[in-house]
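Chemist: What follows is a single structure, and I will ask about it in a moment.
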Amino acid sequence: MSNDDEMVGYRQQPGKLPFSRPGSGGKNQFSQLRDIQLIPESQGGKKLQPRGSHRHDELISGTSIGRPTALVDSKWKVTGKANYGDDIRLNNELIGKIVRSPHHYARVLSIDISKAVELEGVIAIATGADAQNSFGVLPVTKDEHAMAIEKVRHKGDLVACVAAIDESTALEAVRLIEVEYEVLDSIHDMRKGLDDSKYPIHDRGQYHIGESNVQKRVFQEFGNISEMVPNSIANHKSNWLFAGVNHGFTEPHAVVANWDPSGRLTLYTPQQVPHYVHRALADVLEIPMHQINVYRTFVGGGFGGKSDPFPHEMCAAILARKSGRPVRITFDREEVFWVNRGRHPSRIEMDIHADSHGRLCGVQTDALIDGGAFASFGHVTTYYNGVLHTAPYELGSFHYTGARVWTNKPASGAMRGHGAVNSRCAVEVGLDDIAEQLSVDPITFRLANLLPPYSATITGFRITSIGMRECLERVKIASDWDNKFRQLPLGHGIGIGCGFFISGSGLPIHWDPNKFPHATVHLKIDMDGGVTIHTGAADIGQGSDTVVAQSVAEVLGLPLDMIRVRSRETDTSPVDLGSYSSRVTFMNANAAISAAMEIRKDLLKAASKITDTEMNKLVIGDRRIFDKKDPAVGVSYLEALHKAQEDRGALTSSGSYRTPPMGRAHKGAAAGLAPAYSFSAYVAEVKVDMETGQTKVLEVWAAHDCGKALNPLSVKGQIIGSCHMGLGQVLSEEMKYGRGGELLNPDLLDYKIPSIHEMPKVNPIIVESNDLEGPFGAKEAGEGPLLPILPAVCNAVYDASGIRVNELPITGDRLYKEIEKKCKKLKINTPLNLPNPSLEHSDLQSILEIRASKHSERDMQRIMAEEKTPYHNGALFGMDPEIPGDEQDSKWEIRVVPDEEYLSNPRLAGSAWRHIERRKREG
Amino acid sequence: MPPFKLHTPSSLDEAFEIVNILREQNLDYDWVAGGTDLIPNYKWHINTKSNVISLSKIEELHKISKNHIGAMARLYDISQSSEIHPLIAKSASLVASVMIRRSATLGGNICLDTRCFWFNQSEEWRESIDYCHKCDCGTGADCRVIPNQNTLCVATYQADMAPVLMCLGTTIHMSSPEGNRSVPMKDFFKLDGITKNILLEDELVTHITLPDDVFEWEGDYQKLTQRDSWDFPEAGVAVLWKKGIKGPSELRVATTGIESIPRFHSEESQKIIETWSGSDSIEELAESIRKSVKPVLNTWFQPSYRRKMVKVLSRRASKGLLEI
């Protein structure tokens, strides 16, 4: 195919190439050259970079990054061609159904399957005896089984399963299975979980905490605890109660398992973390991992609810093995609520202190979280409820006690904004109260207390880029804050809330000594010119396939239609840890960029040979490689590719990403560590009907710092979607339990997700802080945007009604109760005459304004500085910023175990520390 | 969903023929109109029957005119109709969601089954609490809302159409193989949550008729829900009046969504009309309605709150009275 006349150094016009080359695409070979509006200034383009240049700047070809891009799989979805879990149909399939516990807590005495076995059409039945090994998403807390081994731990817990020729036969068989139970006393109030119990829900052997149902407990103290109260001039105290919420994704769980003739299992499942399912299946089925192929189908929404390995996935595999036929299990909505893994019902005691300089001299948080029947991600959630609110503010001290207890409810787990949402809401509402007590504007108060970029939090998290200040400033202007706050009539209000979230967990769940990367991407390009990306990152609708395709397209200067993503099967894709903790864009795109850089080098080398131009003078545009100074000198992408393929064939490369070493050394230091963090600030405007207590959100201004919007369209989508989800939690969604502990609303009529009527206008504002380590500067935008909407609405409700809520969701009946109480207290006969909150600035306001503007300059200098000097939390309190507080002042200490004095009068969750672990008991 | 045989007669006579055949074979059946209430209940295995007779093909039941609305008139069509009383259209436009309204019917809404947290659940769920009085599956189970009384079902009637229709003096017409009969709408409902109404076995609602003075009535219907879409009313109040010289000459009030049947509050409204004195009377009316209703804990909002909101809704529905 080569022709020497064409291939050796020459000048040519674009579009005048021979058309016979494989993959040339006929006459339509080029769309355009580089789009210099999208090329950064540092590379000779026109794109402004107010925060300096980025290490990936030279890879920008102006083709894809930063352009609003339709998701690469969107056409599959909108045409109905996408196959979700239940769309997988294999020949000869059986339908699986699950026998579930009718009791909250019971011992399984016997299971009689004799009648069910005899039913015509029943092919296989399995019980706990068929799979004895335990599993769980975290290796430290493997407390789940495919089906009950000895006990059932919540209503809906799995007892047995049936595979039959059709659904009605399977259901009939389920009814014929007779189970004998011995009912045990169940626990439904999380506070009871702190007590010793006759039959703790799980037994952790020597690691069991007392005889209680405490699954995990955390104690942390940082900073100058001793001076917190003496220095305090304003104190906010509030005891919060957060109802549990479910993800409410559209697609219920569904799974298909099939053993092929070579003895390998393929499991088709809409999963966020195929890799952990892969591991769990190997454990439970007792076969090596290489005999299992986990096939991720299209996922109809995950939000954390499809990120555990699930018992029903094990059941399908076991039934398929027993029957020798494919088995499909699809949940109905009620079963989705039984498996749950939604946000923990929580009791959070928030205690915030500010000093006379308007600084936050202390935050004390106590969080008791209701884990339900299993551990799931709970170990991490317990930490996140504390450590994820140590930023973006500079703190004088931080005290956190947290405990997660088992109760006989469906298990709680990870849900969008994992562990950070409830305590963030409590903190931000607290700040609003503190600002009011100090008679200052709450936005100014926040602006004067922000950590600078490239700093360390009080717990030692390494913060890189911060766009918090810009977020606050932009929502302030966009919402016309200064003309509205505390100035709207009774029943009409505006409120601010901020957020902070990890952009990828720094610690992989399965910690191993091999330094495995968190994400790996393989590329393959053959003579057709199309690029195949192999990645294990699970696209759950968030657009990870699109991001990885965009990253590769950008580096290679190709349009998106030349990129195909193969991300479904563990057989072909390199291991990726999965779609949780907002890690995929950050880690997987970084891995993809590394892989694409290798290919790019091969292409430039080949182009350099052909054109006889030095490699560093060549740049990549849309399907063309050419001289930067003289664009007429160049070759087409295909020519360069074919040259690079000489004697070698298809180009392949592998790229990976692993987080750098970070953080400090105390127990629990790794929880909450991330290579970067996202920041956000929202303003919500609400109307409260004072006579009914019903709240309507009118408009939201939502600024989110995602580092760099690789695809602004999907960043905006994530912001708007997060608002919808957060509004559900703050206004109407709750898992309601009856007096006997029954879940009363396991359906989408009574589990009240906001409808289109409740959805306000959301004005998404993208802030780009250009993170130095993120791919092209990007950070997460999937979970962080949910956090601020809750406190923004709570604070707006206060501005409208004068009621400080401390219970979510703020349903009409809850708010009206508070309105009534206030009327009674103030002896006012109608809520319409309640006083409207007002604000008259104190002297502190101007002091804070001056500090905020000084900090703003400081931040800009730190961003632009070549060498970033260390900045540890504490400098605002007169400490040396270059050294961590505890290394320069004995008052600034780190403690992770409570002392006797604390235990003599612990807070609610802190009382979990009164128990002694079995292994530490005498005798 | 449990399998059932669907019959689609095209006239009432044909429908009653099917009924006779089923009865001869000792088979059970349900009437189905729009299906938006019955089918979800069937999915949950609640009081399912082996046969279902659909009324959708019976032409005469679909009619809408200013004095006559057929039982099979779709709520969406009623909400869009300019012929009928605007408050009937308003009530219809507030039911559930637009998709539900496209198939739900007037007759179905009037005859809506009562609802309860302990009842509207899947079969496994109800089995796990040993069922309840309303659908005891042969267990003789007790009521789960107010235990230790095995006689009364307190499930809540949560339909929107009844209050306004009651206040407008509607007559409801029924038909069965035995013949036809009519009663005033306000006498149609009958306690408890299981009995619901006076329909006899094999009887169905064919249509409603409205009196000649219907357009002399004005007023409002107000409802309480968590969301503006989908949700059943947690409370609903209709206040209607005829204009007099100083204030209303006649006043009628009806409530829904609070008890096992909708209530027509003739006593309370009568008292107000006799002593009419403007806004104080409205306050008095609202308070007397609040006092007279007794919600229980079996829907989304707390009963005490629903009761208090009845007062607010009554006041709001009466607002127009001040403009007379």
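Chains: A, B, ... in order of the structure tokens. Residues: from 1 per chain. Ligands: from 1, in order shown.
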For segment 560-567 of chain A, please output as a list in words all residues within 7 Å (counting only C-alpha atoms; exclusion window: fewer than 6 positions along the same chain).
Modeler: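 The residues that qualify are Gly530, Val531, Thr532, Ile533, His534, Thr535, Gly536, Ala537, Ala538, Asp545, Ala549, Gln550, Ala553 and Ser573 of chain A.
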Chemist: Counting only C-alpha atoms, which residues of chain A come no farther than 10 Å from chain B, as a PyMOL selection string?
Modeler: chain A and resi 99-104+155-156+168+175+334+691-696+731-732+736+738+740+742-758+811-814+816-817
Chemist: Which residues are near segment 22-28 of chain B? Cut-off 9 Å, only C-alpha atoms, ignore same chain within fewer than 3 positions. Put them as a ChimeraX atom specification.
Modeler: /B:17-19,49-52
Chemist: Give me the residues within 7 Å of segment 38-54 of chain A as a count of residues only, counting only C-alpha atoms and dropping any in the same chain fewer than 2 places off.
Modeler: 15
Chemist: To one decimal place, how far is atom CA of Val154 of chain B from atom CA of Lys190 of chain B in Å?
Modeler: 12.3 Å
Chemist: Write out as a VMD selection string all residues of segment 121-305 of chain B that backbone DSSP assigns to strand (DSSP E or B).
Modeler: chain B and resid 132 135 156 171 to 176 179 to 184 189 197 204 to 209 217 to 224 235 to 243 248 to 256 263 to 264
Chemist: Do you know which residues are at most 8 Å from His872 of chain A counting only C-alpha atoms, after dropping those on the same chain fewer than 2 positions away, and could you put them as a list in words?
Modeler: Ser455, Ala456, Thr457, Ile458, Gly460, Pro870, Gly874, Ala875, Asp880, Pro881, Glu882, Ile883, Pro884 and Gly885 of chain A
Chemist: Excluding same-chain residues fewer than 3 positions from Pro442 of chain A, what lies within 6 Å of it counting only C-alpha atoms, as a PDB file with N, CA, C and O atoms, in the first residue's frame?
Modeler:
```
ATOM      1  N   ASP A 432     -24.419  29.018  59.068  1.00  0.00           N
ATOM      2  CA  ASP A 432     -25.428  30.046  58.839  1.00  0.00           C
ATOM      3  C   ASP A 432     -25.865  30.644  60.185  1.00  0.00           C
ATOM      4  O   ASP A 432     -26.031  31.866  60.319  1.00  0.00           O
ATOM      5  N   ALA A 435     -23.008  32.747  61.649  1.00  0.00           N
ATOM      6  CA  ALA A 435     -22.944  34.052  60.978  1.00  0.00           C
ATOM      7  C   ALA A 435     -24.033  34.966  61.506  1.00  0.00           C
ATOM      8  O   ALA A 435     -23.830  36.170  61.703  1.00  0.00           O
ATOM      9  N   PHE A 445     -18.647  35.448  55.713  1.00  0.00           N
ATOM     10  CA  PHE A 445     -18.071  34.627  56.776  1.00  0.00           C
ATOM     11  C   PHE A 445     -17.310  33.438  56.188  1.00  0.00           C
ATOM     12  O   PHE A 445     -16.187  33.136  56.587  1.00  0.00           O
TER      13      PHE A 445
END
```
Chemist: Could you pull the residues within 6 Å of Cys143 of chain B, counting only C-alpha atoms, minus those fewer than 4 positions along the same chain, as a list in words?
Modeler: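 Counting only the stated atoms, we get Cys132, His133 and Pro147 of chain B.
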